[in-house]
>>> print(open('data_19.csv').read())   # CSV, C-alpha atoms
chain,number,residue,atom,x,y,z
T,1,MET,CA,4.5,3.7,17.1
T,2,SER,CA,5.6,1.1,19.7
T,3,VAL,CA,5.0,-2.6,19.1
T,4,SER,CA,6.5,-3.7,22.4
T,5,ALA,CA,3.1,-4.9,23.8
T,6,VAL,CA,2.8,-7.6,21.2
T,7,ARG,CA,6.5,-8.7,20.8
T,8,GLU,CA,8.1,-11.7,22.5
T,9,PRO,CA,11.5,-11.2,24.3
T,10,ALA,CA,14.4,-11.8,21.9
T,11,THR,CA,16.1,-15.1,22.8
T,12,GLY,CA,19.3,-17.0,21.8
T,13,ALA,CA,21.7,-15.2,19.5
T,14,GLY,CA,19.1,-12.5,19.0
T,15,SER,CA,19.2,-11.6,22.7
T,16,ARG,CA,22.0,-9.1,22.0
T,17,LEU,CA,19.3,-7.0,20.2
T,18,ALA,CA,17.4,-6.7,23.5
T,19,ALA,CA,19.2,-3.5,24.4
T,20,LEU,CA,17.2,-1.8,21.5
T,21,PRO,CA,13.7,-0.6,22.1
T,22,ALA,CA,11.0,-2.6,20.2
T,23,ASP,CA,10.2,0.4,18.1
T,24,ALA,CA,13.8,0.8,16.9
T,25,SER,CA,14.3,1.8,13.3
T,26,GLY,CA,15.8,-0.4,10.7
T,27,ALA,CA,18.9,1.9,10.6
T,28,ASP,CA,19.4,1.3,14.3
T,29,LEU,CA,19.1,-2.5,13.8
T,30,TRP,CA,21.5,-2.4,10.9
T,31,ARG,CA,24.2,-0.7,13.0
T,32,VAL,CA,23.9,-3.2,15.9
T,33,LEU,CA,23.8,-6.2,13.6
T,34,GLY,CA,26.9,-5.0,11.7
T,35,ALA,CA,28.8,-4.5,14.9
T,36,GLN,CA,27.9,-8.0,16.0
T,37,ASN,CA,29.0,-9.4,12.6
T,38,ARG,CA,25.5,-10.8,12.0
T,39,LEU,CA,25.2,-9.1,8.6
T,40,ALA,CA,28.2,-10.8,7.1
T,41,GLY,CA,27.0,-14.0,8.9
T,42,VAL,CA,24.1,-14.5,6.5
T,43,TYR,CA,26.4,-15.1,3.6
T,44,ARG,CA,28.4,-18.2,2.9
T,45,GLY,CA,32.0,-17.6,4.1
T,46,GLY,CA,30.9,-14.2,5.2
T,47,ASP,CA,31.1,-13.0,1.6
T,48,PRO,CA,28.0,-11.8,-0.4
T,49,ARG,CA,29.6,-13.2,-3.5
T,50,GLY,CA,29.2,-16.7,-2.0
T,51,GLY,CA,25.4,-16.5,-1.8
T,52,VAL,CA,23.3,-16.6,1.3
T,53,ASP,CA,23.4,-19.1,4.1
T,54,ALA,CA,19.7,-19.7,4.3
T,55,ALA,CA,19.7,-21.1,7.8
T,56,ALA,CA,21.5,-18.0,9.1
T,57,LEU,CA,19.3,-15.7,7.2
T,58,GLY,CA,16.2,-17.4,8.5
T,59,ALA,CA,17.4,-17.3,12.1
T,60,LEU,CA,18.2,-13.6,11.7
T,61,LEU,CA,14.7,-12.8,10.3
T,62,THR,CA,13.1,-14.8,13.0
T,63,ASP,CA,15.0,-12.9,15.7
T,64,LEU,CA,14.0,-9.5,14.1
T,65,ASP,CA,10.4,-10.5,13.6
T,66,ARG,CA,10.1,-11.7,17.2
T,67,ARG,CA,10.9,-8.4,18.6
T,68,PHE,CA,10.7,-5.6,16.1
T,69,GLY,CA,8.2,-4.1,13.7
T,70,VAL,CA,7.6,-5.0,10.0
T,71,GLY,CA,9.1,-1.7,8.9
T,72,ALA,CA,12.4,-2.2,10.7
T,73,THR,CA,12.7,-5.8,9.6
T,74,LEU,CA,12.0,-4.8,6.0
T,75,ALA,CA,14.7,-2.2,6.2
T,76,VAL,CA,17.2,-4.9,7.1
T,77,THR,CA,15.9,-7.5,4.7
T,78,VAL,CA,16.1,-5.6,1.4
T,79,PRO,CA,19.7,-4.5,1.5
T,80,LEU,CA,20.8,-7.9,2.8
T,81,ALA,CA,19.0,-9.8,0.1
T,82,THR,CA,19.7,-7.6,-2.9
T,83,CYS,CA,21.9,-4.5,-2.3
T,84,LEU,CA,25.0,-6.1,-0.8
T,85,PRO,CA,25.1,-9.0,-3.3
T,86,LEU,CA,24.9,-6.4,-6.1
T,87,LEU,CA,27.6,-4.2,-4.6
T,88,ALA,CA,29.8,-7.3,-4.4
T,89,GLY,CA,30.0,-7.2,-8.2
T,90,GLY,CA,31.6,-3.8,-8.1
T,91,SER,CA,34.9,-2.1,-7.2
T,92,GLY,CA,36.0,1.3,-6.0
T,93,PRO,CA,33.1,3.1,-4.3
T,94,ALA,CA,31.0,-0.1,-4.4
T,95,ALA,CA,33.7,-2.1,-2.6
T,96,ARG,CA,34.1,0.6,0.1
T,97,THR,CA,30.4,0.9,0.6
T,98,LEU,CA,30.0,-2.8,0.8
T,99,ALA,CA,32.7,-3.0,3.6
T,100,ASP,CA,31.0,-0.1,5.5
T,101,SER,CA,27.6,-1.8,5.1
T,102,LEU,CA,28.7,-5.2,6.4
T,103,ASP,CA,30.2,-3.4,9.4
T,104,GLY,CA,26.9,-1.6,10.0
T,105,ARG,CA,28.4,1.9,9.3
T,106,THR,CA,26.0,2.6,6.5
T,107,VAL,CA,22.7,1.4,5.0
T,108,VAL,CA,22.2,1.2,1.2
T,109,ALA,CA,18.8,1.7,-0.4
T,110,LEU,CA,17.7,-0.3,-3.4
T,111,ALA,CA,16.3,2.3,-5.7
T,112,ALA,CA,14.7,0.3,-8.6
T,113,THR,CA,11.0,1.2,-8.9
T,114,ASP,CA,10.3,4.4,-10.8
T,115,GLU,CA,7.8,7.2,-10.3
T,116,ALA,CA,5.5,6.0,-13.1
T,117,SER,CA,6.5,2.4,-14.0
T,118,GLY,CA,6.5,0.8,-10.6
T,119,CYS,CA,7.8,-2.8,-10.8
T,120,ASP,CA,7.9,-2.7,-14.6
T,121,LEU,CA,11.6,-2.0,-14.6
T,122,ALA,CA,12.0,-2.2,-18.4
T,123,ALA,CA,9.7,0.9,-18.6
T,124,LEU,CA,11.5,3.1,-16.0
T,125,ASP,CA,12.4,6.7,-16.9
T,126,THR,CA,15.4,7.4,-14.6
T,127,ARG,CA,18.3,8.2,-16.9
T,128,VAL,CA,22.0,8.0,-16.7
T,129,SER,CA,24.2,9.6,-19.3
T,130,PHE,CA,28.0,9.4,-19.7
T,131,ASP,CA,30.4,12.2,-20.3
T,132,GLY,CA,34.0,11.0,-20.3
T,133,ASP,CA,35.0,10.1,-16.8
T,134,HIS,CA,31.6,11.3,-15.3
T,135,VAL,CA,28.0,10.2,-15.3
T,136,ARG,CA,24.9,12.3,-14.8
T,137,LEU,CA,21.7,10.9,-13.2
T,138,ASP,CA,18.2,12.3,-13.5
T,139,GLY,CA,14.8,10.8,-12.3
T,140,THR,CA,12.6,9.9,-9.4
T,141,LYS,CA,12.3,6.7,-7.5
T,142,ARG,CA,9.1,6.0,-5.5
T,143,TRP,CA,8.4,3.9,-2.4
T,144,ILE,CA,12.0,3.1,-1.7
T,145,THR,CA,12.9,1.3,1.6
T,146,ASN,CA,15.7,3.2,3.5
T,147,ALA,CA,15.3,6.2,1.3
T,148,THR,CA,15.4,8.7,4.2
T,149,THR,CA,18.0,6.8,6.3
T,150,CYS,CA,20.5,5.5,3.7
T,151,GLY,CA,24.1,6.6,3.3
T,152,ALA,CA,23.9,5.7,-0.4
T,153,ALA,CA,21.4,4.4,-2.9
T,154,LEU,CA,21.9,1.8,-5.6
T,155,VAL,CA,19.9,3.3,-8.5
T,156,LEU,CA,18.7,1.4,-11.5
T,157,ALA,CA,18.7,3.8,-14.5
T,158,ARG,CA,18.5,3.5,-18.3
T,159,HIS,CA,21.4,4.7,-20.4
T,160,ARG,CA,19.5,4.4,-23.7
T,161,PRO,CA,15.9,4.2,-24.8
T,162,GLY,CA,13.9,1.0,-25.2
T,163,PRO,CA,13.0,-2.0,-23.1
T,164,HIS,CA,16.0,-4.3,-24.0
T,165,PHE,CA,17.6,-5.7,-20.9
T,166,THR,CA,21.1,-4.3,-21.9
T,167,ASN,CA,19.8,-0.7,-21.7
T,168,PHE,CA,20.0,-0.5,-17.9
T,169,THR,CA,22.8,0.2,-15.5
T,170,TRP,CA,23.3,0.4,-11.7
T,171,VAL,CA,24.7,3.6,-10.2
T,172,LEU,CA,25.8,3.9,-6.6
T,173,VAL,CA,24.8,7.4,-5.5
T,174,PRO,CA,25.9,8.9,-2.1
T,175,ALA,CA,22.8,10.3,-0.3
T,176,ASP,CA,24.6,13.6,0.3
T,177,ALA,CA,25.6,14.1,-3.4
T,178,PRO,CA,24.4,17.5,-4.8
T,179,GLY,CA,21.1,17.0,-6.6
T,180,VAL,CA,19.8,14.2,-4.4
T,181,ARG,CA,16.6,14.8,-2.5
T,182,ALA,CA,14.8,12.4,-0.2
T,183,GLU,CA,11.3,12.8,1.2
T,184,PRO,CA,9.3,10.4,3.4
T,185,ALA,CA,6.4,8.5,1.9
T,186,GLU,CA,2.9,9.6,3.0
T,187,THR,CA,1.9,6.5,4.9
T,188,GLY,CA,1.3,5.5,8.5
T,189,LEU,CA,2.6,2.0,7.8
T,190,PHE,CA,6.1,0.5,7.9
T,191,ASP,CA,7.4,2.6,10.8
T,192,GLY,CA,11.2,2.4,11.0
T,193,SER,CA,11.7,1.5,7.4
T,194,GLY,CA,12.8,4.9,6.2
T,195,THR,CA,10.4,4.4,3.2
T,196,GLY,CA,10.3,7.4,0.9
T,197,HIS,CA,10.9,8.9,-2.5
T,198,LEU,CA,14.2,9.8,-4.0
T,199,THR,CA,14.7,12.5,-6.6
T,200,PHE,CA,17.9,12.9,-8.7
T,201,ASP,CA,18.3,16.2,-10.4
T,202,GLY,CA,21.5,16.5,-12.5
T,203,VAL,CA,23.5,14.4,-10.0
T,204,ARG,CA,27.0,14.2,-11.3
T,205,LEU,CA,29.4,11.5,-10.2
T,206,THR,CA,32.7,9.9,-11.4
T,207,ARG,CA,32.2,6.9,-13.7
T,208,ASP,CA,33.6,4.5,-11.1
T,209,HIS,CA,30.2,4.8,-9.4
T,210,VAL,CA,28.7,2.5,-12.0
T,211,VAL,CA,28.3,-0.9,-10.4
T,212,GLY,CA,28.7,-4.2,-12.3
T,213,GLY,CA,29.3,-2.6,-15.7
T,214,THR,CA,27.3,-0.6,-18.2
T,215,GLY,CA,24.3,-2.5,-19.5
T,216,ARG,CA,24.3,-5.2,-16.9
T,217,GLY,CA,21.6,-3.7,-14.6
T,218,LEU,CA,18.7,-5.9,-15.3
T,219,SER,CA,20.8,-9.1,-15.7
T,220,ALA,CA,22.5,-8.5,-12.4
T,221,PHE,CA,19.2,-7.8,-10.7
T,222,ALA,CA,17.7,-10.9,-12.2
T,223,ALA,CA,20.6,-12.9,-10.8
T,224,HIS,CA,19.7,-11.8,-7.2
T,225,ILE,CA,15.9,-11.4,-7.2
T,226,ALA,CA,15.7,-15.1,-6.3
T,227,THR,CA,17.5,-14.5,-3.0
T,228,GLU,CA,15.1,-11.6,-2.2
T,229,ARG,CA,12.2,-13.9,-2.8
T,230,LEU,CA,13.7,-16.6,-0.6
T,231,ALA,CA,14.2,-14.0,2.2
T,232,GLY,CA,10.5,-13.1,1.9
T,233,ALA,CA,9.5,-16.7,2.2
T,234,LEU,CA,11.7,-17.2,5.3
T,235,TRP,CA,10.3,-14.1,6.9
T,236,ALA,CA,6.7,-15.2,6.1
T,237,VAL,CA,7.4,-18.5,8.0
T,238,ALA,CA,8.5,-16.5,11.1
T,239,LEU,CA,5.7,-14.0,10.9
T,240,CYS,CA,2.9,-16.4,10.4
T,241,GLU,CA,4.0,-18.8,13.2
T,242,ARG,CA,4.5,-15.9,15.6
T,243,VAL,CA,1.0,-14.5,15.0
T,244,LEU,CA,-0.5,-17.9,15.3
T,245,ARG,CA,1.1,-18.4,18.7
T,246,GLU,CA,-0.1,-15.0,19.8
T,247,THR,CA,-3.6,-15.8,18.7
T,248,ALA,CA,-3.7,-19.1,20.4
T,249,ARG,CA,-2.6,-17.6,23.7
T,250,TYR,CA,-5.2,-14.9,23.3
T,251,LEU,CA,-8.0,-17.4,22.6
T,252,GLY,CA,-6.9,-19.4,25.6
T,253,ARG,CA,-7.4,-16.4,27.9
T,254,ARG,CA,-10.4,-14.7,26.3
T,255,ARG,CA,-13.5,-15.5,28.4
T,256,HIS,CA,-16.6,-16.6,26.6
T,257,GLY,CA,-19.7,-17.9,28.3
T,258,GLY,CA,-18.6,-20.3,31.1
T,259,GLY,CA,-15.2,-20.9,29.5
T,260,VAL,CA,-12.7,-19.4,26.9
T,261,LEU,CA,-12.9,-19.0,23.2
T,262,TRP,CA,-10.4,-21.7,22.6
T,263,GLU,CA,-12.9,-24.3,23.8
T,264,ARG,CA,-15.3,-23.5,20.9
T,265,GLU,CA,-14.8,-26.1,18.2
T,266,GLY,CA,-15.4,-23.7,15.3
T,267,VAL,CA,-12.7,-21.3,16.7
T,268,ARG,CA,-10.2,-24.1,17.1
T,269,GLN,CA,-10.9,-25.4,13.6
T,270,ARG,CA,-10.4,-22.1,11.9
T,271,TRP,CA,-7.2,-21.5,13.8
T,272,ALA,CA,-6.0,-25.0,12.8
T,273,GLY,CA,-6.8,-24.3,9.2
T,274,ALA,CA,-4.5,-21.3,9.3
T,275,LEU,CA,-1.8,-23.3,11.0
T,276,LEU,CA,-2.1,-25.9,8.2
T,277,ARG,CA,-1.5,-23.2,5.6
T,278,SER,CA,1.5,-21.9,7.6
T,279,ARG,CA,3.0,-25.4,7.9
T,280,GLN,CA,2.5,-26.0,4.2
T,281,HIS,CA,4.4,-22.8,3.4
T,282,ARG,CA,7.1,-23.8,5.7
T,283,ALA,CA,7.4,-27.3,4.1
T,284,LEU,CA,7.5,-25.7,0.6
T,285,THR,CA,10.2,-23.2,1.7
T,286,GLU,CA,12.3,-26.0,3.3
T,287,SER,CA,12.0,-28.1,0.1
T,288,LEU,CA,13.1,-25.3,-2.3
T,289,THR,CA,15.6,-23.4,-0.2
T,290,GLU,CA,18.6,-25.2,-1.6
T,291,ALA,CA,17.5,-24.7,-5.2
T,292,VAL,CA,17.1,-21.0,-4.6
T,293,ALA,CA,20.1,-20.3,-2.3
T,294,ALA,CA,22.6,-22.5,-4.2
T,295,ARG,CA,21.4,-22.4,-7.8
T,296,ARG,CA,19.2,-19.2,-7.9
T,297,ASP,CA,16.4,-21.2,-9.4
T,298,THR,CA,13.9,-18.5,-10.6
T,299,SER,CA,11.0,-20.8,-10.9
T,300,ALA,CA,11.4,-22.1,-7.3
T,301,ALA,CA,11.8,-18.6,-6.1
T,302,ALA,CA,8.6,-17.5,-7.8
T,303,LEU,CA,6.8,-20.4,-6.2
T,304,LEU,CA,8.1,-19.3,-2.8
T,305,LYS,CA,7.1,-15.7,-3.4
T,306,ALA,CA,3.5,-16.6,-4.4
T,307,SER,CA,3.2,-19.0,-1.4
T,308,ALA,CA,4.5,-16.4,1.0
T,309,ALA,CA,2.0,-13.8,-0.2
T,310,GLU,CA,-1.0,-16.0,-0.1
T,311,THR,CA,-0.1,-17.6,3.2
T,312,VAL,CA,0.5,-14.3,5.0
T,313,GLU,CA,-2.7,-12.9,3.7
T,314,HIS,CA,-4.7,-16.0,4.8
T,315,VAL,CA,-3.1,-16.4,8.2
T,316,LEU,CA,-3.3,-12.7,9.1
T,317,ASP,CA,-6.9,-12.5,8.0
T,318,VAL,CA,-7.9,-15.5,10.2
T,319,CYS,CA,-6.0,-14.3,13.2
T,320,ALA,CA,-7.3,-10.7,12.8
T,321,HIS,CA,-10.9,-12.1,12.8
T,322,LEU,CA,-10.3,-14.5,15.7
T,323,GLN,CA,-8.8,-11.7,17.9
T,324,GLY,CA,-11.9,-9.5,17.3
T,325,ALA,CA,-11.5,-5.9,18.6
T,326,HIS,CA,-8.2,-6.9,20.3
T,327,GLY,CA,-6.8,-7.3,16.8
T,328,PHE,CA,-7.0,-3.6,16.2
T,329,ARG,CA,-4.4,-2.7,18.8
T,330,THR,CA,-1.1,-1.1,17.7
T,331,GLY,CA,1.0,-3.8,16.2
T,332,GLY,CA,-1.9,-6.3,16.2
T,333,PRO,CA,-3.0,-8.5,13.3
T,334,GLN,CA,-5.3,-5.9,11.7
T,335,GLN,CA,-2.3,-3.5,11.3
T,336,LEU,CA,-0.1,-6.4,10.3
T,337,ARG,CA,-2.6,-7.5,7.7
T,338,ALA,CA,-2.3,-4.1,6.0
T,339,GLN,CA,1.5,-4.3,6.1
T,340,GLY,CA,1.5,-7.9,5.1
T,341,ALA,CA,0.0,-7.0,1.7
T,342,LEU,CA,3.6,-6.0,0.8
T,343,PHE,CA,4.4,-9.8,0.4
T,344,GLY,CA,2.1,-9.8,-2.6
T,345,ILE,CA,3.4,-6.6,-4.1
T,346,GLY,CA,7.0,-5.8,-3.4
T,347,GLY,CA,9.6,-7.6,-5.5
T,348,GLY,CA,7.0,-8.6,-8.0
T,349,THR,CA,3.2,-9.0,-7.6
T,350,THR,CA,1.7,-12.4,-7.0
T,351,GLU,CA,0.3,-12.4,-10.5
T,352,VAL,CA,3.7,-11.7,-12.0
T,353,VAL,CA,5.4,-14.5,-10.1
T,354,LEU,CA,2.6,-17.0,-10.9
T,355,ASP,CA,3.1,-16.2,-14.5
T,356,ILE,CA,6.8,-17.0,-14.1
T,357,VAL,CA,5.8,-20.4,-12.6
T,358,ALA,CA,3.5,-21.1,-15.5
T,359,GLU,CA,6.1,-20.1,-18.1
T,360,THR,CA,8.9,-22.2,-16.6
T,361,ALA,CA,6.9,-25.3,-15.6
T,362,PRO,CA,7.3,-28.2,-18.0
T,363,HIS,CA,4.0,-29.3,-19.7
T,364,SER,CA,4.9,-32.6,-21.2
T,365,ASP,CA,5.1,-34.6,-18.0
T,366,PRO,CA,3.1,-33.4,-15.0
T,367,GLY,CA,5.4,-35.5,-12.8
T,368,ASP,CA,8.3,-33.1,-13.6
T,369,LEU,CA,6.5,-30.0,-12.2
T,370,PRO,CA,8.7,-28.1,-9.8
>>> encode(input="data_19.csv", output="structure tokens")
Amino acid sequence: MSVSAVREPATGAGSRLAALPADASGADLWRVLGAQNRLAGVYRGGDPRGGVDAAALGALLTDLDRRFGVGATLAVTVPLATCLPLLAGGSGPAARTLADSLDGRTVVALAATDEASGCDLAALDTRVSFDGDHVRLDGTKRWITNATTCGAALVLARHRPGPHFTNFTWVLVPADAPGVRAEPAETGLFDGSGTGHLTFDGVRLTRDHVVGGTGRGLSAFAAHIATERLAGALWAVALCERVLRETARYLGRRRHGGGVLWEREGVRQRWAGALLRSRQHRALTESLTEAVAARRDTSAAALLKASAAETVEHVLDVCAHLQGAHGFRTGGPQQLRAQGALFGIGGGTTEVVLDIVAETAPHSDPGDLP
């Protein structure tokens, strides 16, 4: 599904991506970005252990959104924000995979959500058991970005029953290991993301494929989920501003009566209201970026996640309406609106993150609210 008709030419540092077609897959983007050292460039000092450089990450996401589809951009964002920082806490196979990933030679899928439990990670059923120097993995992961294109998957599994956070462990699983099966998800959305389902049937690996230590799965994930939410907020800024520009250009050309649609006061006001929401989200993102990037502030990250979801939904709804039938074209705002719902689902639903905001906000002095 080509989106070239609605994409702007890549500019600046992103112009080196121009050799790729607009419908390139996320795996293709990953290879090119790794070769250009732009993957390592989103981290402070070029090292995922140092945290993200928010300005570099925002610039990269803007470049990708400007030219490529939502699916391909998603396929780059998830491993950058979560997989590579998690791998940085490991050694052996994790260290080698991290080096290959930063160079663009392999893509790692984040396999956290289970077949039945979804984003309720404490209820997942995927199991890892230990037998001397080996581990065995069994279970199914659903709706995993890069599932069909990855060289390895970072799998969250439980090693003992119960919801306690120490009952979960990350395992790095090569995609070609015996017992691993990947199948594409049944959806017409997110082209280029490699989204699919992963099944692990008696997968046997050496114990050094455990990443970050036994029982540290959820605590390690919690330490990096703030970065993923910041990435989503930065992407939402780029996406909303791009679609608003495209909509304004369309309204300025679309004939209506003796003039163009942009000349109608009601149309301009509705567009301006969406612009206001977009600018408010940008301002919130800029004000909280340092708290998330440097301190991994979970409350600030939750605010950004909720803001991104609601802003994307509002802006795309307005732009889809204002573009009328034109909005139904391939890659147009009607299609983007369906894909944009991911901002309010993936990485924690809007209801979940708003609950975090409520729980972490002080109640004694409203002036202290984040």
>>> residues_around(input="data_19.csv", residues="Val352 of chain T", least_positions_apart="4", cutoff="10 Å", atoms="all atoms listed in the file", output="list in words")
Cys119, Ala302, Ala306, Gly344, Ile345, Gly347, Gly348, Ile356 and Val357 of chain T
>>> residues_around(input="data_19.csv", residues="Ala182 of chain T", least_positions_apart="5", cutoff="7 Å", atoms="all atoms listed in the file", output="PyMOL selection string")
chain T and resi 147-148+196-199
>>> atom_distance(input="data_19.csv", atom1="atom CA of Asp65 of chain T", atom2="atom CA of Arg242 of chain T")
8.2 Å
>>> residues_around(input="data_19.csv", residues="Gly213 of chain T", least_positions_apart="2", cutoff="9 Å", atoms="all atoms listed in the file", output="list in words")
Gly89, Gly90, Thr169, Trp170, Val210, Val211, Gly215, Arg216 and Gly217 of chain T
>>> residues_around(input="data_19.csv", residues="Arg268 of chain T", least_positions_apart="4", cutoff="10 Å", atoms="all atoms listed in the file", output="PyMOL selection string")
chain T and resi 248+251+261-264+272-273+322
>>> residues_around(input="data_19.csv", residues="Ala157 of chain T", least_positions_apart="2", cutoff="7 Å", atoms="all atoms listed in the file", output="PyMOL selection string")
chain T and resi 126-128+155+159+168-170
>>> residues_near_point(input="data_19.csv", point="(19.8, -19.0, -6.3)", cutoff="10 Å", atoms="only C-alpha atoms", output="mmCIF file with C-alpha atoms, in the frame of the given file")
data_model
loop_
_atom_site.group_PDB
_atom_site.id
_atom_site.type_symbol
_atom_site.label_atom_id
_atom_site.label_comp_id
_atom_site.auth_asym_id
_atom_site.auth_seq_id
_atom_site.Cartn_x
_atom_site.Cartn_y
_atom_site.Cartn_z
ATOM 1 C CA GLY T 51 25.400 -16.500 -1.800
ATOM 2 C CA VAL T 52 23.300 -16.600 1.300
ATOM 3 C CA ALA T 223 20.600 -12.900 -10.800
ATOM 4 C CA HIS T 224 19.700 -11.800 -7.200
ATOM 5 C CA ILE T 225 15.900 -11.400 -7.200
ATOM 6 C CA ALA T 226 15.700 -15.100 -6.300
ATOM 7 C CA THR T 227 17.500 -14.500 -3.000
ATOM 8 C CA GLU T 228 15.100 -11.600 -2.200
ATOM 9 C CA ARG T 229 12.200 -13.900 -2.800
ATOM 10 C CA LEU T 230 13.700 -16.600 -0.600
ATOM 11 C CA THR T 289 15.600 -23.400 -0.200
ATOM 12 C CA GLU T 290 18.600 -25.200 -1.600
ATOM 13 C CA ALA T 291 17.500 -24.700 -5.200
ATOM 14 C CA VAL T 292 17.100 -21.000 -4.600
ATOM 15 C CA ALA T 293 20.100 -20.300 -2.300
ATOM 16 C CA ALA T 294 22.600 -22.500 -4.200
ATOM 17 C CA ARG T 295 21.400 -22.400 -7.800
ATOM 18 C CA ARG T 296 19.200 -19.200 -7.900
ATOM 19 C CA ASP T 297 16.400 -21.200 -9.400
ATOM 20 C CA THR T 298 13.900 -18.500 -10.600
ATOM 21 C CA ALA T 300 11.400 -22.100 -7.300
ATOM 22 C CA ALA T 301 11.800 -18.600 -6.100
#
>>> closest_residue(input="data_19.csv", among="T:Cys83, T:Leu124, T:Pro333, T:Ala75", to="Gly194 of chain T", atoms="only C-alpha atoms")
T:Ala75
>>> residues_near_point(input="data_19.csv", point="(32.8, 2.8, 3.2)", cutoff="12 Å", atoms="all atoms listed in the file", output="short mmCIF file (atom, residue, chain, number, x, y, z; two decimals) with C-alpha atoms, in the coordinates of the input")
data_model
loop_
_atom_site.label_atom_id
_atom_site.label_comp_id
_atom_site.auth_asym_id
_atom_site.auth_seq_id
_atom_site.Cartn_x
_atom_site.Cartn_y
_atom_site.Cartn_z
CA LEU T 87 27.60 -4.20 -4.60
CA SER T 91 34.90 -2.10 -7.20
CA GLY T 92 36.00 1.30 -6.00
CA PRO T 93 33.10 3.10 -4.30
CA ALA T 94 31.00 -0.10 -4.40
CA ALA T 95 33.70 -2.10 -2.60
CA ARG T 96 34.10 0.60 0.10
CA THR T 97 30.40 0.90 0.60
CA LEU T 98 30.00 -2.80 0.80
CA ALA T 99 32.70 -3.00 3.60
CA ASP T 100 31.00 -0.10 5.50
CA SER T 101 27.60 -1.80 5.10
CA LEU T 102 28.70 -5.20 6.40
CA ASP T 103 30.20 -3.40 9.40
CA GLY T 104 26.90 -1.60 10.00
CA ARG T 105 28.40 1.90 9.30
CA THR T 106 26.00 2.60 6.50
CA VAL T 107 22.70 1.40 5.00
CA VAL T 108 22.20 1.20 1.20
CA GLY T 151 24.10 6.60 3.30
CA ALA T 152 23.90 5.70 -0.40
CA PRO T 174 25.90 8.90 -2.10
#
>>> atom_distance(input="data_19.csv", atom1="atom CA of Ala320 of chain T", atom2="atom CA of Ala81 of chain T")
29.2 Å
>>> atom_distance(input="data_19.csv", atom1="atom CA of Gln335 of chain T", atom2="atom CA of Arg67 of chain T")
15.9 Å
>>> closest_residue(input="data_19.csv", among="T:Ala220, T:Leu121, T:Leu189, T:Leu342", to="Gly71 of chain T", atoms="all atoms listed in the file")
T:Leu189
>>> closest_residue(input="data_19.csv", among="T:Val171, T:Leu29, T:Leu316, T:Val260", to="Val243 of chain T", atoms="all atoms listed in the file")
T:Leu316
>>> closest_residue(input="data_19.csv", among="T:Gly324, T:Gly331, T:Pro21, T:Gly232", to="Leu304 of chain T", atoms="only C-alpha atoms")
T:Gly232
>>> closest_residue(input="data_19.csv", among="T:Ala122, T:Ala231, T:Cys150, T:Ala112", to="Asp53 of chain T", atoms="only C-alpha atoms")
T:Ala231
>>> closest_residue(input="data_19.csv", among="T:Ser278, T:Thr195, T:Thr214, T:Gln269", to="Glu241 of chain T", atoms="all atoms listed in the file")
T:Ser278
